[in-house]
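final15.pdb (PDB, C-alpha atoms) appears below.
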ATOM      1  CA  MET Z  11     -81.518   9.949 -22.512
ATOM      2  CA  ASN Z  12     -84.752   8.358 -21.418
ATOM      3  CA  LYS Z  13     -87.068  10.189 -19.036
ATOM      4  CA  GLU Z  14     -86.947   7.474 -16.357
ATOM      5  CA  ILE Z  15     -83.165   7.683 -16.003
ATOM      6  CA  GLU Z  16     -83.291  11.460 -16.012
ATOM      7  CA  LYS Z  17     -86.048  11.552 -13.381
ATOM      8  CA  LEU Z  18     -84.309   9.066 -11.100
ATOM      9  CA  LEU Z  19     -80.706  10.134 -11.307
ATOM     10  CA  PHE Z  20     -81.143  13.896 -11.229
ATOM     11  CA  ASN Z  21     -81.921  13.498  -7.550
ATOM     12  CA  PRO Z  22     -78.569  13.909  -5.714
ATOM     13  CA  ILE Z  23     -79.360  11.312  -3.030
ATOM     14  CA  ARG Z  24     -80.315   8.678  -5.584
ATOM     15  CA  LEU Z  25     -77.300   9.602  -7.692
ATOM     16  CA  LYS Z  26     -75.039   9.125  -4.663
ATOM     17  CA  ILE Z  27     -76.603   5.745  -3.897
ATOM     18  CA  VAL Z  28     -76.219   4.504  -7.464
ATOM     19  CA  SER Z  29     -72.675   5.920  -7.787
ATOM     20  CA  PHE Z  30     -71.630   4.136  -4.617
ATOM     21  CA  LEU Z  31     -73.253   0.853  -5.586
ATOM     22  CA  ILE Z  32     -71.552   1.048  -8.987
ATOM     23  CA  SER Z  33     -68.155   0.966  -7.300
ATOM     24  CA  VAL Z  34     -68.895  -1.811  -4.808
ATOM     25  CA  GLU Z  35     -70.324  -5.295  -4.989
ATOM     26  CA  SER Z  36     -72.890  -4.756  -2.228
ATOM     27  CA  SER Z  37     -73.594  -2.257   0.518
ATOM     28  CA  SER Z  38     -75.483  -2.220   3.781
ATOM     29  CA  PHE Z  39     -78.288   0.271   4.386
ATOM     30  CA  LYS Z  40     -76.248   1.774   7.208
ATOM     31  CA  LYS Z  41     -73.321   2.431   4.866
ATOM     32  CA  LEU Z  42     -75.641   4.107   2.337
ATOM     33  CA  ILE Z  43     -76.834   6.500   5.048
ATOM     34  CA  GLU Z  44     -73.197   7.321   5.835
ATOM     35  CA  VAL Z  45     -72.217   7.781   2.180
ATOM     36  CA  SER Z  46     -75.230   9.866   1.155
ATOM     37  CA  GLY Z  47     -75.503  11.909   4.328
ATOM     38  CA  ALA Z  48     -79.290  11.572   4.148
ATOM     39  CA  THR Z  49     -81.666  10.514   6.883
ATOM     40  CA  LYS Z  50     -82.810   6.937   7.407
ATOM     41  CA  GLY Z  51     -86.337   7.742   6.264
ATOM     42  CA  ASN Z  52     -85.182   9.541   3.147
ATOM     43  CA  ILE Z  53     -82.843   6.697   2.175
ATOM     44  CA  SER Z  54     -85.673   4.192   2.631
ATOM     45  CA  ILE Z  55     -87.843   6.155   0.198
ATOM     46  CA  GLN Z  56     -85.044   6.620  -2.334
ATOM     47  CA  ILE Z  57     -83.906   3.005  -2.404
ATOM     48  CA  LYS Z  58     -87.524   1.900  -2.769
ATOM     49  CA  LYS Z  59     -87.854   4.146  -5.836
ATOM     50  CA  LEU Z  60     -84.621   2.782  -7.277
ATOM     51  CA  GLU Z  61     -85.748  -0.774  -6.597
ATOM     52  CA  ASP Z  62     -89.136  -0.169  -8.242
ATOM     53  CA  ALA Z  63     -87.346   1.142 -11.319
ATOM     54  CA  GLY Z  64     -85.167  -1.989 -11.358
ATOM     55  CA  PHE Z  65     -81.940  -0.043 -10.783
ATOM     56  CA  ILE Z  66     -81.050  -1.807  -7.555
ATOM     57  CA  LYS Z  67     -81.895  -5.031  -5.754
ATOM     58  CA  ILE Z  68     -82.641  -5.027  -2.029
ATOM     59  CA  LYS Z  69     -82.177  -8.044   0.177
ATOM     60  CA  LYS Z  70     -83.546  -8.039   3.703
ATOM     61  CA  LYS Z  71     -82.487 -10.511   6.316
ATOM     62  CA  PHE Z  72     -82.266 -10.847  10.063
ATOM     63  CA  GLU Z  73     -79.078 -11.238  12.015
ATOM     64  CA  LYS Z  74     -79.249 -11.823  15.735
ATOM     65  CA  ASN Z  75     -82.826 -10.466  15.674
ATOM     66  CA  TYR Z  76     -81.706  -7.247  13.977
ATOM     67  CA  PRO Z  77     -82.872  -6.408  10.435
ATOM     68  CA  LEU Z  78     -80.076  -6.141   7.904
ATOM     69  CA  THR Z  79     -80.708  -4.538   4.518
ATOM     70  CA  VAL Z  80     -78.175  -5.076   1.759
ATOM     71  CA  CYS Z  81     -78.357  -3.299  -1.609
ATOM     72  CA  TYR Z  82     -76.889  -4.353  -4.954
ATOM     73  CA  ILE Z  83     -76.819  -2.614  -8.303
ATOM     74  CA  THR Z  84     -78.587  -4.419 -11.163
ATOM     75  CA  SER Z  85     -77.443  -4.609 -14.781
ATOM     76  CA  LYS Z  86     -80.223  -2.152 -15.666
ATOM     77  CA  GLY Z  87     -78.871   0.170 -12.980
ATOM     78  CA  LYS Z  88     -75.340  -0.107 -14.357
ATOM     79  CA  LYS Z  89     -76.497   0.551 -17.911
ATOM     80  CA  SER Z  90     -78.624   3.518 -16.869
ATOM     81  CA  PHE Z  91     -75.797   5.004 -14.829
ATOM     82  CA  ASP Z  92     -73.511   4.688 -17.842
ATOM     83  CA  ILE Z  93     -76.017   6.465 -20.092
ATOM     84  CA  PHE Z  94     -76.482   9.183 -17.480
ATOM     85  CA  PHE Z  95     -72.741   9.640 -17.029
ATOM     86  CA  GLN Z  96     -72.163   9.924 -20.785
ATOM     87  CA  TYR Z  97     -74.959  12.478 -20.912
ATOM     88  CA  LEU Z  98     -73.336  14.531 -18.137
ATOM     89  CA  LYS Z  99     -69.955  14.325 -19.860
ATOM     90  CA  SER Z 100     -71.418  15.668 -23.087
ATOM     91  CA  TYR Z 101     -72.819  18.671 -21.224
ATOM     92  CA  GLU Z 102     -69.820  19.306 -19.016
ATOM     93  CA  GLY Z 103     -68.700  22.818 -19.511
TER      94      GLY Z 103
ATOM     95  CA  MET K  12     -77.189  21.102  -9.907
ATOM     96  CA  ASN K  13     -75.310  21.401 -13.208
ATOM     97  CA  SER K  14     -73.500  18.566 -14.991
ATOM     98  CA  THR K  15     -70.058  19.513 -13.592
ATOM     99  CA  GLU K  16     -71.403  19.423 -10.055
ATOM    100  CA  GLN K  17     -73.078  16.103 -10.718
ATOM    101  CA  ILE K  18     -69.859  14.615 -12.065
ATOM    102  CA  LYS K  19     -68.084  15.898  -8.967
ATOM    103  CA  LEU K  20     -70.738  14.290  -6.791
ATOM    104  CA  ILE K  21     -70.233  10.969  -8.607
ATOM    105  CA  ASN K  22     -66.438  11.175  -8.248
ATOM    106  CA  ASP K  23     -66.640  12.087  -4.570
ATOM    107  CA  THR K  24     -69.012   9.204  -3.870
ATOM    108  CA  ILE K  25     -66.904   6.671  -5.759
ATOM    109  CA  ASN K  26     -63.813   7.898  -3.905
ATOM    110  CA  LYS K  27     -65.460   6.913  -0.633
ATOM    111  CA  THR K  28     -64.929   3.305  -1.623
ATOM    112  CA  ARG K  29     -61.583   2.387  -0.221
ATOM    113  CA  VAL K  30     -60.190  -1.092  -0.389
ATOM    114  CA  ASN K  31     -59.030  -1.547   3.159
ATOM    115  CA  LEU K  32     -56.026  -3.853   3.001
ATOM    116  CA  LYS K  33     -55.343  -3.908   6.743
ATOM    117  CA  PRO K  34     -57.681  -6.848   7.466
ATOM    118  CA  LEU K  35     -56.065  -8.773   4.608
ATOM    119  CA  SER K  36     -52.623  -8.118   6.075
ATOM    120  CA  PHE K  37     -53.847  -9.357   9.449
ATOM    121  CA  ASN K  38     -54.842 -12.641   7.749
ATOM    122  CA  PHE K  39     -51.331 -13.077   6.359
ATOM    123  CA  ILE K  40     -49.645 -12.219   9.644
ATOM    124  CA  PHE K  41     -51.971 -14.515  11.586
ATOM    125  CA  TRP K  42     -51.320 -17.499   9.299
ATOM    126  CA  GLY K  43     -47.615 -16.736   9.071
ATOM    127  CA  LEU K  44     -47.290 -16.811  12.857
ATOM    128  CA  PHE K  45     -49.750 -19.646  13.388
ATOM    129  CA  LEU K  46     -48.074 -22.022  10.922
ATOM    130  CA  ASN K  47     -44.607 -21.087  12.154
ATOM    131  CA  VAL K  48     -45.541 -21.777  15.775
ATOM    132  CA  MET K  49     -47.096 -25.098  14.721
ATOM    133  CA  SER K  50     -43.958 -26.031  12.773
ATOM    134  CA  ILE K  51     -41.672 -25.044  15.673
ATOM    135  CA  ILE K  52     -43.691 -27.124  18.152
ATOM    136  CA  HIS K  53     -43.597 -30.083  15.773
ATOM    137  CA  TYR K  54     -39.877 -29.601  15.184
ATOM    138  CA  LEU K  55     -39.029 -29.328  18.901
ATOM    139  CA  PHE K  56     -41.327 -32.090  20.134
ATOM    140  CA  PRO K  57     -41.483 -34.654  17.321
ATOM    141  CA  SER K  58     -42.011 -37.567  19.702
ATOM    142  CA  PHE K  59     -45.068 -35.833  21.170
ATOM    143  CA  ILE K  60     -46.621 -34.840  17.837
ATOM    144  CA  GLN K  61     -45.814 -38.183  16.195
ATOM    145  CA  GLN K  62     -46.930 -40.389  19.080
ATOM    146  CA  THR K  63     -49.210 -42.492  16.894
ATOM    147  CA  ASP K  64     -49.548 -43.054  13.146
ATOM    148  CA  TYR K  65     -52.246 -40.438  12.841
ATOM    149  CA  SER K  66     -51.397 -37.960  15.615
ATOM    150  CA  SER K  67     -49.295 -35.780  13.309
ATOM    151  CA  SER K  68     -52.134 -35.658  10.738
ATOM    152  CA  ILE K  69     -54.642 -34.811  13.442
ATOM    153  CA  TYR K  70     -52.319 -32.048  14.656
ATOM    154  CA  TRP K  71     -51.932 -30.588  11.149
ATOM    155  CA  ILE K  72     -55.659 -30.777  10.358
ATOM    156  CA  SER K  73     -57.442 -29.864  13.568
ATOM    157  CA  LEU K  74     -55.411 -26.789  14.512
ATOM    158  CA  PRO K  75     -55.467 -25.155  11.033
ATOM    159  CA  LEU K  76     -59.196 -25.923  10.863
ATOM    160  CA  LEU K  77     -59.695 -24.102  14.154
ATOM    161  CA  GLY K  78     -57.598 -21.252  12.753
ATOM    162  CA  MET K  79     -59.775 -21.171   9.634
ATOM    163  CA  ILE K  80     -62.964 -21.030  11.704
ATOM    164  CA  TYR K  81     -61.552 -18.222  13.828
ATOM    165  CA  MET K  82     -60.354 -16.206  10.811
ATOM    166  CA  THR K  83     -63.590 -16.738   8.868
ATOM    167  CA  ARG K  84     -65.600 -15.396  11.801
ATOM    168  CA  TRP K  85     -63.173 -12.493  12.171
ATOM    169  CA  ASN K  86     -63.384 -11.634   8.457
ATOM    170  CA  ILE K  87     -67.196 -11.758   8.516
ATOM    171  CA  LYS K  88     -67.197  -9.427  11.529
ATOM    172  CA  ILE K  89     -64.840  -6.978   9.796
ATOM    173  CA  GLY K  90     -66.917  -7.157   6.592
ATOM    174  CA  LYS K  91     -70.078  -6.271   8.498
ATOM    175  CA  LYS K  92     -68.346  -3.399  10.236
ATOM    176  CA  GLN K  93     -67.151  -2.040   6.880
ATOM    177  CA  GLY K  94     -70.686  -2.220   5.493
ATOM    178  CA  TYR K  95     -69.806  -2.878   1.859
ATOM    179  CA  GLU K  96     -67.893  -5.322  -0.266
ATOM    180  CA  THR K  97     -65.875  -4.370  -3.314
ATOM    181  CA  ILE K  98     -65.438  -6.576  -6.366
ATOM    182  CA  MET K  99     -61.747  -6.905  -5.486
ATOM    183  CA  GLY K 100     -62.608  -7.932  -1.926
ATOM    184  CA  ARG K 101     -65.082 -10.513  -3.187
ATOM    185  CA  THR K 102     -62.534 -11.928  -5.646
ATOM    186  CA  ILE K 103     -59.922 -12.311  -2.904
ATOM    187  CA  ARG K 104     -62.483 -13.905  -0.582
ATOM    188  CA  ILE K 105     -63.438 -16.468  -3.253
ATOM    189  CA  ILE K 106     -59.797 -17.284  -4.048
ATOM    190  CA  TRP K 107     -58.994 -17.955  -0.375
ATOM    191  CA  THR K 108     -62.148 -19.984   0.167
ATOM    192  CA  VAL K 109     -61.137 -22.184  -2.752
ATOM    193  CA  PHE K 110     -57.668 -22.442  -1.214
ATOM    194  CA  GLY K 111     -59.255 -23.647   2.060
ATOM    195  CA  PHE K 112     -61.081 -26.431   0.228
ATOM    196  CA  GLY K 113     -57.978 -27.260  -1.802
ATOM    197  CA  TRP K 114     -55.896 -27.478   1.360
ATOM    198  CA  LEU K 115     -58.405 -29.819   2.994
ATOM    199  CA  LEU K 116     -58.515 -32.013  -0.109
ATOM    200  CA  ILE K 117     -54.707 -32.252  -0.258
ATOM    201  CA  VAL K 118     -54.393 -33.073   3.444
ATOM    202  CA  LEU K 119     -57.102 -35.735   3.360
ATOM    203  CA  SER K 120     -55.689 -37.227   0.139
ATOM    204  CA  SER K 121     -52.210 -37.299   1.655
ATOM    205  CA  ILE K 122     -53.485 -39.444   4.548
ATOM    206  CA  ARG K 123     -55.374 -41.783   2.231
ATOM    207  CA  LEU K 124     -52.688 -42.037  -0.465
ATOM    208  CA  GLU K 125     -49.735 -41.687   1.907
ATOM    209  CA  PHE K 126     -47.754 -38.853   0.392
ATOM    210  CA  HIS K 127     -46.245 -35.784   2.033
ATOM    211  CA  PRO K 128     -48.675 -32.840   1.652
ATOM    212  CA  VAL K 129     -46.167 -29.991   2.196
ATOM    213  CA  PRO K 130     -44.965 -29.539  -1.435
ATOM    214  CA  MET K 131     -48.519 -29.507  -2.795
ATOM    215  CA  ILE K 132     -49.771 -27.170  -0.073
ATOM    216  CA  LEU K 133     -46.851 -24.800  -0.594
ATOM    217  CA  PHE K 134     -47.519 -24.865  -4.341
ATOM    218  CA  LEU K 135     -51.202 -24.067  -3.839
ATOM    219  CA  LEU K 136     -50.316 -21.392  -1.295
ATOM    220  CA  GLY K 137     -47.765 -19.864  -3.677
ATOM    221  CA  LEU K 138     -50.382 -19.789  -6.429
ATOM    222  CA  VAL K 139     -52.995 -18.084  -4.270
ATOM    223  CA  ILE K 140     -50.536 -15.591  -2.747
ATOM    224  CA  THR K 141     -49.208 -14.665  -6.200
ATOM    225  CA  MET K 142     -52.756 -14.143  -7.475
ATOM    226  CA  THR K 143     -53.690 -12.037  -4.442
ATOM    227  CA  GLY K 144     -50.518  -9.953  -4.836
ATOM    228  CA  MET K 145     -51.312  -9.335  -8.509
ATOM    229  CA  ILE K 146     -54.948  -8.465  -7.800
ATOM    230  CA  ILE K 147     -54.102  -5.900  -5.130
ATOM    231  CA  LYS K 148     -51.000  -4.809  -7.086
ATOM    232  CA  PHE K 149     -48.665  -5.383  -4.165
ATOM    233  CA  LYS K 150     -45.259  -6.571  -5.290
ATOM    234  CA  PRO K 151     -43.886  -8.015  -1.985
ATOM    235  CA  LEU K 152     -46.853 -10.382  -1.888
ATOM    236  CA  THR K 153     -46.460 -11.405  -5.527
ATOM    237  CA  ILE K 154     -42.757 -12.010  -4.948
ATOM    238  CA  GLY K 155     -43.512 -13.902  -1.713
ATOM    239  CA  GLY K 156     -45.863 -16.202  -3.621
ATOM    240  CA  MET K 157     -43.269 -16.796  -6.318
ATOM    241  CA  VAL K 158     -40.613 -17.569  -3.708
ATOM    242  CA  LEU K 159     -42.827 -20.431  -2.570
ATOM    243  CA  PHE K 160     -42.592 -21.967  -6.050
ATOM    244  CA  VAL K 161     -38.804 -22.042  -5.650
ATOM    245  CA  PHE K 162     -39.256 -23.873  -2.342
ATOM    246  CA  VAL K 163     -41.598 -26.382  -3.949
ATOM    247  CA  PHE K 164     -39.080 -27.007  -6.720
ATOM    248  CA  ASN K 165     -36.346 -27.363  -4.114
ATOM    249  CA  LEU K 166     -38.397 -29.828  -2.059
ATOM    250  CA  LEU K 167     -39.259 -31.918  -5.085
ATOM    251  CA  SER K 168     -35.656 -32.045  -6.278
ATOM    252  CA  ASP K 169     -34.339 -32.970  -2.837
ATOM    253  CA  PRO K 170     -37.056 -34.819  -0.861
ATOM    254  CA  ASP K 171     -34.668 -35.662   2.004
ATOM    255  CA  GLN K 172     -34.793 -32.132   3.413
ATOM    256  CA  ASN K 173     -36.538 -31.362   6.680
ATOM    257  CA  TYR K 174     -40.040 -30.389   5.529
ATOM    258  CA  LEU K 175     -40.754 -28.487   8.728
ATOM    259  CA  ILE K 176     -37.798 -26.154   8.261
ATOM    260  CA  VAL K 177     -38.691 -25.609   4.598
ATOM    261  CA  ASN K 178     -42.281 -24.964   5.667
ATOM    262  CA  MET K 179     -41.162 -22.398   8.254
ATOM    263  CA  ILE K 180     -38.922 -20.508   5.830
ATOM    264  CA  GLY K 181     -41.529 -20.672   3.076
ATOM    265  CA  VAL K 182     -44.348 -19.443   5.307
ATOM    266  CA  THR K 183     -42.159 -16.651   6.694
ATOM    267  CA  LEU K 184     -41.153 -15.429   3.234
ATOM    268  CA  GLY K 185     -44.487 -16.039   1.573
ATOM    269  CA  LEU K 186     -46.949 -14.973   4.258
ATOM    270  CA  LEU K 187     -45.445 -13.320   7.301
ATOM    271  CA  ILE K 188     -43.020 -10.815   5.761
ATOM    272  CA  PRO K 189     -45.369  -9.693   2.920
ATOM    273  CA  GLY K 190     -48.162  -9.479   5.538
ATOM    274  CA  ILE K 191     -46.076  -7.140   7.689
ATOM    275  CA  PHE K 192     -45.193  -5.002   4.641
ATOM    276  CA  LEU K 193     -48.856  -4.846   3.672
ATOM    277  CA  ASN K 194     -49.835  -3.859   7.198
ATOM    278  CA  ARG K 195     -47.357  -0.999   7.213
ATOM    279  CA  MET K 196     -48.438   0.251   3.803
ATOM    280  CA  LYS K 197     -50.659   3.329   3.716
ATOM    281  CA  THR K 198     -53.843   2.294   1.967
ATOM    282  CA  ASN K 199     -55.423   5.071  -0.004
ATOM    283  CA  GLU K 200     -56.933   2.992  -2.746
TER     284      GLU K 200
END
Could I get this file's structure written as structure tokens?
Amino acid sequence: MNKEIEKLLFNPIRLKIVSFLISVESSSFKKLIEVSGATKGNISIQIKKLEDAGFIKIKKKFEKNYPLTVCYITSKGKKSFDIFFQYLKSYEG
Amino acid sequence: MNSTEQIKLINDTINKTRVNLKPLSFNFIFWGLFLNVMSIIHYLFPSFIQQTDYSSSIYWISLPLLGMIYMTRWNIKIGKKQGYETIMGRTIRIIWTVFGFGWLLIVLSSIRLEFHPVPMILFLLGLVITMTGMIIKFKPLTIGGMVLFVFVFNLLSDPDQNYLIVNMIGVTLGLLIPGIFLNRMKTNE
């Protein structure tokens, strides 16, 4: 497994974000906070890291003057998650 | 965190994604009631609805369009509240959007080409309901959609029937009853 995947997905918060985005088409920032149980600031940092690595795509828009952040998984993110999951399966005791 | 714990974390996170079918059932119940009420009003007051050549068409276009606007806004609101969209949810949304355009095309064509739109609309509705039922794996809905095909066949073989009554029965069996069943179903998936 490549180092980038290992480094990114061994973090439980990032793993939760990617796992959730794998199972849905898109998710709001608010929902990711709820799913991961992390703080707003922490989620912001983690999704930025995932976006920089090309694992997720972030779209920001405004609705009724309120910012709305929506996250999507990318094909690279899906592929990396699959590799990571297979790796975990092979080590599952 | 060892690999077993990480797999558990993945499973737990994925399990948080629930396809909430309640809003979908509300759509079916709304349209089932809405179209039935429209049909009943038309059936009871034909002279009022058919005052002019186009009044009946206006009645059957403007009110469903208002219903579509209302339901679209409602669905967007529910979607935002939920905070995520599943692939299944997106598929169903696309199917019903296409149905909306199809319905409009049939109704407008029926005015221009002077044919009765009910059999074609019921056919399209049956198709979309059957697909939705199969996607969400909910038999009453699939059956309801298929029942509409029988009504279409019946209407085409005997065009002298009262289209409003056929429409009411079809909408009740295809939309309203499956919608109520879906609403009462416990959704854990």
Expected answer as an MDAnalysis selection string: chain K residues within 10 Å of chain Z, only C-alpha atoms
chainID K and resid 12:18 20:30 91:101
Could you list the residues chosen by the PyMOL selection byres ((chain Z and resi 66) around 9) in this structure as a PDB file with C-alpha atoms, in the coordinates of the input?
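Below is the file selection-v6.pdb, written as the result:
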ATOM      1  CA  VAL Z  28     -76.219   4.504  -7.464  1.00  0.00           C
ATOM      2  CA  LEU Z  31     -73.253   0.853  -5.586  1.00  0.00           C
ATOM      3  CA  ILE Z  57     -83.906   3.005  -2.404  1.00  0.00           C
ATOM      4  CA  LYS Z  58     -87.524   1.900  -2.769  1.00  0.00           C
ATOM      5  CA  LEU Z  60     -84.621   2.782  -7.277  1.00  0.00           C
ATOM      6  CA  GLU Z  61     -85.748  -0.774  -6.597  1.00  0.00           C
ATOM      7  CA  ASP Z  62     -89.136  -0.169  -8.242  1.00  0.00           C
ATOM      8  CA  ALA Z  63     -87.346   1.142 -11.319  1.00  0.00           C
ATOM      9  CA  GLY Z  64     -85.167  -1.989 -11.358  1.00  0.00           C
ATOM     10  CA  PHE Z  65     -81.940  -0.043 -10.783  1.00  0.00           C
ATOM     11  CA  LYS Z  67     -81.895  -5.031  -5.754  1.00  0.00           C
ATOM     12  CA  ILE Z  68     -82.641  -5.027  -2.029  1.00  0.00           C
ATOM     13  CA  CYS Z  81     -78.357  -3.299  -1.609  1.00  0.00           C
ATOM     14  CA  TYR Z  82     -76.889  -4.353  -4.954  1.00  0.00           C
ATOM     15  CA  ILE Z  83     -76.819  -2.614  -8.303  1.00  0.00           C
ATOM     16  CA  THR Z  84     -78.587  -4.419 -11.163  1.00  0.00           C
ATOM     17  CA  SER Z  85     -77.443  -4.609 -14.781  1.00  0.00           C
ATOM     18  CA  LYS Z  86     -80.223  -2.152 -15.666  1.00  0.00           C
ATOM     19  CA  GLY Z  87     -78.871   0.170 -12.980  1.00  0.00           C
TER      20      GLY Z  87
END
Residues picked by the PyMOL selection byres ((chain K and resi 49) around 10) here, as a list in words?
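Applying the PyMOL selection byres ((chain K and resi 49) around 10) to the structure shown produces Leu44, Phe45, Leu46, Asn47, Val48, Ser50, Ile51, Ile52, His53, Tyr54, Tyr70, Trp71, Leu74, Pro75, Leu175 and Met179 of chain K.
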Set the distance at 12 Å and use only C-alpha atoms: which residues neighbour stretch 154-156 of chain K once local chain neighbours fewer than 4 positions away are removed? I'd like the list as a VMD selection string.
chain K and resid 39 43 133 to 145 148 to 150 160 to 163 180 to 193
Expansion of the PyMOL selection byres ((chain K and resi 66-69) around 12) into residues, as a CSV table (one decimal) with C-alpha atoms, in the frame of the given file:
chain,number,residue,atom,x,y,z
K,49,MET,CA,-47.1,-25.1,14.7
K,50,SER,CA,-44.0,-26.0,12.8
K,52,ILE,CA,-43.7,-27.1,18.2
K,53,HIS,CA,-43.6,-30.1,15.8
K,54,TYR,CA,-39.9,-29.6,15.2
K,56,PHE,CA,-41.3,-32.1,20.1
K,57,PRO,CA,-41.5,-34.7,17.3
K,58,SER,CA,-42.0,-37.6,19.7
K,59,PHE,CA,-45.1,-35.8,21.2
K,60,ILE,CA,-46.6,-34.8,17.8
K,61,GLN,CA,-45.8,-38.2,16.2
K,62,GLN,CA,-46.9,-40.4,19.1
K,63,THR,CA,-49.2,-42.5,16.9
K,64,ASP,CA,-49.5,-43.1,13.1
K,65,TYR,CA,-52.2,-40.4,12.8
K,70,TYR,CA,-52.3,-32.0,14.7
K,71,TRP,CA,-51.9,-30.6,11.1
K,72,ILE,CA,-55.7,-30.8,10.4
K,73,SER,CA,-57.4,-29.9,13.6
K,74,LEU,CA,-55.4,-26.8,14.5
K,75,PRO,CA,-55.5,-25.2,11.0
K,76,LEU,CA,-59.2,-25.9,10.9
K,77,LEU,CA,-59.7,-24.1,14.2
K,115,LEU,CA,-58.4,-29.8,3.0
K,117,ILE,CA,-54.7,-32.3,-0.3
K,118,VAL,CA,-54.4,-33.1,3.4
K,119,LEU,CA,-57.1,-35.7,3.4
K,120,SER,CA,-55.7,-37.2,0.1
K,121,SER,CA,-52.2,-37.3,1.7
K,122,ILE,CA,-53.5,-39.4,4.5
K,123,ARG,CA,-55.4,-41.8,2.2
K,125,GLU,CA,-49.7,-41.7,1.9
K,126,PHE,CA,-47.8,-38.9,0.4
K,127,HIS,CA,-46.2,-35.8,2.0
K,128,PRO,CA,-48.7,-32.8,1.7
K,129,VAL,CA,-46.2,-30.0,2.2
Would you kindly identify which residues have an atom no farther than 9 Å from (-82.2, 15.6, -18.5), using all atoms listed in the file and the file's own coordinates, and write them out as an NGL selection string?
:Z and (11-13 or 15-17 or 20 or 94 or 97-98)
Straight-line distance linking atom CA of K:Leu159 with atom CA of K:Ile87, stated in Å to one decimal
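Interatomic distance here is 28.1 Å.
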Counting only C-alpha atoms, the option among K:Pro34, K:Phe110, K:Asn194, K:Ser168 closest to K:Met79:
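Of all the options, K:Phe110 lies closest to K:Met79.
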Straight-line distance linking atom CA of K:Trp85 with atom CA of K:Gly113, stated in Å to one decimal:
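Separation between atom CA of K:Trp85 and atom CA of K:Gly113: 21.0 Å.
When only C-alpha atoms are used to measure the gap to Z:Glu14, the shortest distance among Z:Asn52, Z:Leu78, Z:Ser90, Z:Lys70 belongs to Z:Ser90.
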To one decimal in Å, tell me the separation between atom CA of K:Leu55 and atom CA of K:Ile176.
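These two atoms are separated by 11.2 Å.
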Can you report as AutoDock Vina command-line options the centre and edge lengths in Å, to one decimal, of an axis-aligned box around the listed atoms of stretch 135-143 of chain K padded with 5 Å on each side?
--center_x -50.7 --center_y -18.1 --center_z -4.4 --size_x 15.9 --size_y 22.0 --size_z 16.2
